[in-house]
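Student: Take this structure, written in structure tokens, and hold onto it; I'll ask about it next.
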Amino acid sequence: MAEAVRKQQEHESEKESEAQTLQDKLKKENVDAEVELATSLDKKFRDGSTAHWFSDPGPVFDCLVWHDGSSWRSAIDVSEEGNLEKGLCLGIYRETLEYGRLTEADNINVSVNIYDEGNLLEIVSMPSSHGTHVASIAAANFPDNPEKNGVAPGAQIVSICIGDSRLNSMETGTALARAMSHVMRGDHYKVDLINMSYGEHSHWAHSGRLGELMAEVVAKHGITWVASAGNDGPALCTVGTPVDIKHNVIIGVGAYVSPEMMSAMYSSREKLPGTQYTWTSRGPTVDGDRGVTLCAPGGAITSVPQFTLRGTQLMNGTSMASPHVCGALALLLSGMKALKLPWSPFSVRRALENTSTRLENQCHFGQGNGLLNVESAFQHLSKFSDAKERDVRFIVNCKGQSNKGVHLRGFAAEKVSEVPVKVEPVFLDADNRPAKDKLDFNLRLVLTCDASWVTHPAHLDLMHTSRHFLISVDPTGLPPGAHATYITAHDSKCPEKGKIFEIPIVVIRNEELSSGLKPGVQHQTVFKPAQIRRHFLPVPAGATWATFRIQSLSSDRQGKFMVHTVQLLPKLVVRTLEHHKVFNLVERGEWEFSIPVRGGDGNVVEFCVSKWWDNLGAVEVKYSIHFRGVLPSQRELVMHGGEGLMRLNLTSKISHEDLHPEIKLKSSVQVLRPTESNIVTLGSRDILPPARHTYELQLQYSLSVSKSTEVTVNLPLLSDVLYESEMESQLWMLFDANKRLVASGDAYPSNWSTKVEKGEYVVRAHIRQEKRELLDRFTETPLLVSSKLPSAVSMDVYSSHSEAIVGGKKLSSGTGYPGNTVPVYVSPLSSDKYSKGATLGQYLQGTATFCKDESGKKSDSYVFKYVLPESAKKKDKGKEKEGKKGKSDDFDAFSEAVKDTKILWLSKLPADSKETQDLYKELVSAGSSITSVHAARLNGLNAAESKDWNEILATSNKLIASVDQTELLAWMGTKSDTRENATEVKKEMEKLKGQLIDAFAAKGDALLKIGGEKKLEVADVYSSIVKYTDPSDSKVVGFVVNYLMDIHLYAKALKYVVKQVEDKHTKELDLQIVDLLNKLGWKHAARLLEHSVPAKFPAEYQPF
């Protein structure tokens, strides 16, 4: 950059002559181009995007795989010299435990897996430091520094990566399914424990392919599974999956911070009581389960990968709490093995539930059964290892459905409910359990509950079958808030075992709203660290947003707070209407936050206000929550451009509201159908025991991008579901025309927007399932591709039908009030701009807002879709005139068509054949369309494998001589042609211009190739070309680049090649850029680009 600027300054300091030659002008442009290119390349390199041609794909090494007679081996040529002795030679990690570094500078350790008889090499590294930190908590082993050890330093770690680096380390269904099939097969080792510090939220828990496989891992193969509960608290019902699946088999762990942790890890100034972290997720699950089984320390300072260039790091989250429990369970199971005592995942879970230490004055929903107590858990597990229910889990279903407990809110919490309960004992690996065990199974249970508002049977005689009974819940006398209790079942013969199973019961009682125009609540209280206040409020009919306002009453202390809101909707993920904000409240300060709500009878929203767990001191505050709303007559706003006006009725049922409807369309959505679909049987690593094959549907779509933009890819049939999906997995990958991977995405399309350049792309998607017949249903699955518009498009909104029809005064404001309906009319787009070239089903998408209040406008918006109609068709005047021609012209037309056909074939026939030369002479001698004849001959000569440059030069000169350039230039300079035949003249002149430009380009190439004195004419050819077109024109740019290179103006040549690459990226152009960069002396840029060529132009698409 500095060198380029220096050259520019030196050139500018030179005194320019009054009469500049072409060479002088080109030299100045070359100096300017060098500065421009240096700036552009530096910007492209720094942005980190993979969307452009100068992106850095990362390390590119040659790899070799071979079989040495006993096992598969691989070599990675990290020397980049082709010398494998200096390379990294590794075997399959689980067989050899070999790993190594790609370079000493980055400290990235890698290992390898080899599949498909050596045809697939998988180089494994870590997409983040998260996994190492988690594993170190559970089982780090430092013999020389035992203070750095994990909970169970003797445990053997089996690392199965489920985070995908293509998705910023998010888990995928494919990785989860492969991990579970690997564990279930047990080909190489028997896994006792699984820790999963991963998870998402699900729309429902009663079904899902991944949930089924998780239950199979635990309930059939006897592996204890521990998982993080999530970091989405402190509002209720925020526990994520995999804790919340159909079968209650996963141990969910919440995060706790002790006084000692606060002091040693967080450097707290004061000693505070132990507490749950503010953000740890809370139960219950939507279907009534406890959600959190127990809590454990949710932070640690321990090892992280060496590429972070630090030995240890502090991390916190339920991701850290879960391995604390898993490490503790490793100790327990090690002890059980040493004592030769049996256990099952169910007896392990019951040991934890019955021995955890209850935390007084702590949130019940975040601690589960309490804080992990390792010693007591081991005593319970070993003491009752011979219990008849050791290998039995108890499936509890309530309300005649798959609900795992009783969860009452809204109308259900205002009345007495009689709830049917079914309890079914199921043995571990039930299908292979001896019949005698099932025959002998019998428990005489005592049912207890400490809540007076619950009545239930006192006894249950349970054998190997499901038992049904009724319980009654009377919440009518309960105060507002969340209330939880449990019906627990104890063995009447051995009550000291603790509970055998439980029936969770949660009741949410609403606060009463104030009456008036803006219903709501007000509260005043003092908040201490980690303190939480929950408010469950009925959402009035017509409410569309709620506003939370808080004011500090303390004059000497500020506070850090969180407000977290959740409104549950049927069969929709908790995040549908979930919002949380962390904010600082200064002394006597105020803060405001608005959220969208869904009004209606029985609808409830939770406002959870909490002071951050480590924010010292007490702060007195006053806060209020009020509901407001402007409700459109329909929530799904879809308008078809061909249906005319769209009427919407706006109502303000709660209070007076100023109206200001705005509809802005921000993206264009294409609907694509697969160009290819294929179902294949996957290989050995995708086989479930005993021999269940997995099938994969592979779909391919073609995508054309007309200009640089941001796109979002979406498989709508499968979007927004992962653990709850009936498919095992869905994943898409976006490739450019050179098969280079540009972007990837999975079930959550909004997470994976990516910038792309103009060009042709291919989207490849896969869907996996064990049942092939299910995949057959998806072979024609549509794909949506959303492209961001350059600028938002505003729809016109009117107050009346008549104003909308005539395009009169637009609606700028209005007033809504209870009992009144305000109709508004949305007119179709007046411009045909977006319909041109639109595909079937294409639509524009954006948002609609209706209120004038800024807080309401930000929170209360609706998705608006505008389906594009077919664009207007222009009449073909040429065809109209052809239709008016008489029959007497037919023979002339025939003769003309024969001549045109001969000219067409002249360019296609072998240029050096006698027949072609004779045809050329014949057409020239005919004397008509002589320029087109020369153009066809020139095209044929240029297409020949062995070019005769002298003949190309001669033919070019003939073509140029046949064109009246004075007439052509005069036409080009005409501002407006009013002649009757102007259209025909324009068509003919454009054709002539194109032929002339081709001839100049061919002549220039020929002069450069022939060389000698002929080169002196090249500058004149360049001067002629720029009269007719820009040097970057695809017809002439090849010659222009060659000419500039010939006169050593490499920067200007490079500028034109870069423009070609941005239009169409090819390997040949990349190598030409490398050559020009080297000639400019920019060796570092040339080396980067040349090094990346194999990655940017792969031979095959990357596998799923």
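For the structure tokens, the naming scheme is as follows: chains receive sequential letters (A, B, ...) according to their order of presentation, residues are indexed from 1 within each chain, and ligands are indexed from 1 in presentation order.
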Find the residues around A:Ser794 up to 7 Å (only C-alpha atoms counted), leave out those fewer than 2 positions away in its own chain, and share them as a ChimeraX atom specification.
Tutor: /A:663-665,792,796
Student: Would you put the residues from that selection into a file with C-alpha atoms, as a PDB file, in the first residue's frame?
Tutor:
ATOM      1  CA  ILE A 663     -45.467  -1.671   5.752  1.00  0.00           C
ATOM      2  CA  LYS A 664     -41.874  -2.116   4.596  1.00  0.00           C
ATOM      3  CA  LEU A 665     -40.698  -4.998   2.418  1.00  0.00           C
ATOM      4  CA  ALA A 792     -36.742  -1.264   1.803  1.00  0.00           C
ATOM      5  CA  ASP A 796     -48.970   2.588   0.247  1.00  0.00           C
TER       6      ASP A 796
END
Student: Would you list the contacts of stretch 566-577 of chain A as a VMD selection string, taking every protein, DNA or RNA residue within 10 Å and counting only C-alpha atoms, but skipping same-chain residues closer than 4 positions in sequence?
Tutor: chain A and resid 200 to 205 232 235 to 240 286 536 to 537 539 595 to 598 603 to 608 720 to 721
Student: Extract, using only C-alpha atoms, all DNA, RNA and protein residues at most 7 Å from A:Trp613, discarding same-chain residues fewer than 5 positions from it, and format them as a PyMOL selection string.
Tutor: chain A and resi 277-278+529-530
Student: In Å to one decimal, how far is atom CA of A:Tyr99 from atom CA of A:Gln306?
Tutor: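 Rounded to one decimal, the two atoms are 13.3 Å apart.
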Student: List as a ChimeraX atom specification the protein and nucleic acid residues near A:Ala377, meaning an atom at most 10 Å away when only C-alpha atoms are counted, but skip any in the same chain fewer than 4 places from it.
Tutor: /A:328-329,332,348-356,372-373,381-383
Student: Print the selection's residues with N, CA, C and O atoms to a file, as a PDB file, in the first residue's frame.
Tutor:
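Result saved to again36.pdb:
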ATOM      1  N   ALA A 328     -18.627 -36.606  38.996  1.00  0.00           N
ATOM      2  CA  ALA A 328     -18.986 -37.231  40.274  1.00  0.00           C
ATOM      3  C   ALA A 328     -19.565 -38.624  40.048  1.00  0.00           C
ATOM      4  O   ALA A 328     -19.264 -39.576  40.802  1.00  0.00           O
ATOM      5  N   LEU A 329     -20.390 -38.776  39.011  1.00  0.00           N
ATOM      6  CA  LEU A 329     -20.963 -40.092  38.720  1.00  0.00           C
ATOM      7  C   LEU A 329     -19.886 -41.078  38.277  1.00  0.00           C
ATOM      8  O   LEU A 329     -19.990 -42.284  38.541  1.00  0.00           O
ATOM      9  N   LEU A 332     -18.670 -42.465  41.376  1.00  0.00           N
ATOM     10  CA  LEU A 332     -19.642 -43.407  41.940  1.00  0.00           C
ATOM     11  C   LEU A 332     -19.587 -44.751  41.224  1.00  0.00           C
ATOM     12  O   LEU A 332     -19.540 -45.816  41.866  1.00  0.00           O
ATOM     13  N   VAL A 348     -29.095 -44.830  39.389  1.00  0.00           N
ATOM     14  CA  VAL A 348     -28.189 -43.692  39.541  1.00  0.00           C
ATOM     15  C   VAL A 348     -28.985 -42.406  39.699  1.00  0.00           C
ATOM     16  O   VAL A 348     -28.718 -41.584  40.586  1.00  0.00           O
ATOM     17  N   ARG A 349     -29.992 -42.239  38.861  1.00  0.00           N
ATOM     18  CA  ARG A 349     -30.808 -41.024  38.928  1.00  0.00           C
ATOM     19  C   ARG A 349     -31.532 -40.932  40.275  1.00  0.00           C
ATOM     20  O   ARG A 349     -31.574 -39.859  40.894  1.00  0.00           O
ATOM     21  N   ARG A 350     -32.114 -42.060  40.735  1.00  0.00           N
ATOM     22  CA  ARG A 350     -32.830 -42.033  42.008  1.00  0.00           C
ATOM     23  C   ARG A 350     -31.893 -41.734  43.165  1.00  0.00           C
ATOM     24  O   ARG A 350     -32.268 -41.059  44.134  1.00  0.00           O
ATOM     25  N   ALA A 351     -30.628 -42.215  43.068  1.00  0.00           N
ATOM     26  CA  ALA A 351     -29.653 -41.915  44.115  1.00  0.00           C
ATOM     27  C   ALA A 351     -29.378 -40.417  44.184  1.00  0.00           C
ATOM     28  O   ALA A 351     -29.300 -39.826  45.271  1.00  0.00           O
ATOM     29  N   LEU A 352     -29.265 -39.772  43.026  1.00  0.00           N
ATOM     30  CA  LEU A 352     -29.035 -38.326  43.007  1.00  0.00           C
ATOM     31  C   LEU A 352     -30.248 -37.571  43.547  1.00  0.00           C
ATOM     32  O   LEU A 352     -30.116 -36.625  44.344  1.00  0.00           O
ATOM     33  N   GLU A 353     -31.442 -37.981  43.129  1.00  0.00           N
ATOM     34  CA  GLU A 353     -32.663 -37.287  43.530  1.00  0.00           C
ATOM     35  C   GLU A 353     -32.898 -37.372  45.034  1.00  0.00           C
ATOM     36  O   GLU A 353     -33.363 -36.399  45.656  1.00  0.00           O
ATOM     37  N   ASN A 354     -32.577 -38.506  45.615  1.00  0.00           N
ATOM     38  CA  ASN A 354     -32.895 -38.720  47.030  1.00  0.00           C
ATOM     39  C   ASN A 354     -31.817 -38.233  47.980  1.00  0.00           C
ATOM     40  O   ASN A 354     -32.033 -38.231  49.197  1.00  0.00           O
ATOM     41  N   THR A 355     -30.669 -37.833  47.455  1.00  0.00           N
ATOM     42  CA  THR A 355     -29.577 -37.439  48.354  1.00  0.00           C
ATOM     43  C   THR A 355     -29.098 -36.000  48.145  1.00  0.00           C
ATOM     44  O   THR A 355     -28.242 -35.528  48.901  1.00  0.00           O
ATOM     45  N   SER A 356     -29.596 -35.317  47.133  1.00  0.00           N
ATOM     46  CA  SER A 356     -29.172 -33.932  46.912  1.00  0.00           C
ATOM     47  C   SER A 356     -29.571 -33.067  48.100  1.00  0.00           C
ATOM     48  O   SER A 356     -30.608 -33.290  48.737  1.00  0.00           O
ATOM     49  N   LEU A 372     -25.868 -31.212  44.393  1.00  0.00           N
ATOM     50  CA  LEU A 372     -25.198 -32.515  44.319  1.00  0.00           C
ATOM     51  C   LEU A 372     -24.485 -32.844  45.627  1.00  0.00           C
ATOM     52  O   LEU A 372     -23.735 -32.032  46.163  1.00  0.00           O
ATOM     53  N   ASN A 373     -24.739 -34.069  46.134  1.00  0.00           N
ATOM     54  CA  ASN A 373     -24.073 -34.570  47.341  1.00  0.00           C
ATOM     55  C   ASN A 373     -23.449 -35.914  46.980  1.00  0.00           C
ATOM     56  O   ASN A 373     -24.132 -36.948  46.946  1.00  0.00           O
ATOM     57  N   LEU A 381     -26.612 -45.423  46.368  1.00  0.00           N
ATOM     58  CA  LEU A 381     -26.474 -46.292  45.207  1.00  0.00           C
ATOM     59  C   LEU A 381     -25.959 -47.676  45.608  1.00  0.00           C
ATOM     60  O   LEU A 381     -26.454 -48.701  45.116  1.00  0.00           O
ATOM     61  N   SER A 382     -24.989 -47.706  46.506  1.00  0.00           N
ATOM     62  CA  SER A 382     -24.417 -48.998  46.904  1.00  0.00           C
ATOM     63  C   SER A 382     -25.335 -49.743  47.879  1.00  0.00           C
ATOM     64  O   SER A 382     -25.500 -50.972  47.787  1.00  0.00           O
ATOM     65  N   LYS A 383     -25.986 -49.006  48.777  1.00  0.00           N
ATOM     66  CA  LYS A 383     -26.833 -49.647  49.784  1.00  0.00           C
ATOM     67  C   LYS A 383     -28.046 -50.320  49.157  1.00  0.00           C
ATOM     68  O   LYS A 383     -28.464 -51.412  49.587  1.00  0.00           O
TER      69      LYS A 383
END
Student: Residues within 12 Å of A:Ser725, please, as a PyMOL selection string. Count only C-alpha atoms; anything in the same chain fewer than 2 positions from it doesn't count.
Tutor: chain A and resi 173+202-212+245+717-723+727-730+747+767-769
Student: Excluding A:Cys295 and any residue of its chain fewer than 3 positions from it, enumerate the residues within 10 Å of it, using only C-alpha atoms, and give them as a ChimeraX atom specification.
Tutor: /A:228-229,252-257,276,280,292,298,318,321-322,324-325,356-359,366-373
Student: Write out the residues from the selection above, keeping C-alpha atoms, as a PDB file, in the first residue's frame.
Tutor:
ATOM      1  CA  SER A 228     -26.972 -29.087  30.961  1.00  0.00           C
ATOM      2  CA  ALA A 229     -30.400 -27.635  31.735  1.00  0.00           C
ATOM      3  CA  GLY A 252     -30.767 -32.215  33.861  1.00  0.00           C
ATOM      4  CA  VAL A 253     -28.310 -30.036  35.777  1.00  0.00           C
ATOM      5  CA  GLY A 254     -28.730 -26.408  36.857  1.00  0.00           C
ATOM      6  CA  ALA A 255     -25.902 -24.027  37.816  1.00  0.00           C
ATOM      7  CA  TYR A 256     -25.024 -23.053  41.393  1.00  0.00           C
ATOM      8  CA  VAL A 257     -22.322 -20.680  42.671  1.00  0.00           C
ATOM      9  CA  GLN A 276     -28.109 -20.084  41.657  1.00  0.00           C
ATOM     10  CA  THR A 280     -29.575 -20.791  34.853  1.00  0.00           C
ATOM     11  CA  VAL A 292     -33.970 -29.681  36.509  1.00  0.00           C
ATOM     12  CA  GLY A 298     -21.716 -23.847  37.335  1.00  0.00           C
ATOM     13  CA  THR A 318     -24.885 -25.069  33.015  1.00  0.00           C
ATOM     14  CA  ALA A 321     -22.423 -27.718  36.000  1.00  0.00           C
ATOM     15  CA  SER A 322     -23.203 -30.819  33.969  1.00  0.00           C
ATOM     16  CA  HIS A 324     -19.359 -31.636  37.644  1.00  0.00           C
ATOM     17  CA  VAL A 325     -22.202 -34.141  38.007  1.00  0.00           C
ATOM     18  CA  SER A 356     -29.172 -33.932  46.912  1.00  0.00           C
ATOM     19  CA  THR A 357     -28.950 -31.207  49.536  1.00  0.00           C
ATOM     20  CA  ARG A 358     -31.977 -28.961  49.559  1.00  0.00           C
ATOM     21  CA  LEU A 359     -31.015 -25.271  49.295  1.00  0.00           C
ATOM     22  CA  GLY A 366     -33.656 -23.882  39.396  1.00  0.00           C
ATOM     23  CA  GLN A 367     -32.196 -26.304  41.953  1.00  0.00           C
ATOM     24  CA  GLY A 368     -34.325 -29.346  41.199  1.00  0.00           C
ATOM     25  CA  ASN A 369     -33.931 -31.807  44.061  1.00  0.00           C
ATOM     26  CA  GLY A 370     -31.050 -29.745  45.447  1.00  0.00           C
ATOM     27  CA  LEU A 371     -27.268 -29.463  45.333  1.00  0.00           C
ATOM     28  CA  LEU A 372     -25.198 -32.515  44.319  1.00  0.00           C
ATOM     29  CA  ASN A 373     -24.073 -34.570  47.341  1.00  0.00           C
TER      30      ASN A 373
END
Student: Let me make sure I understand: among A:Ser472, A:Asn442, A:Ser385, A:Ser962, which one has the smallest atom-to-atom distance to A:Pro420 if we use only C-alpha atoms?
Tutor: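 Closest candidate: A:Ser472.
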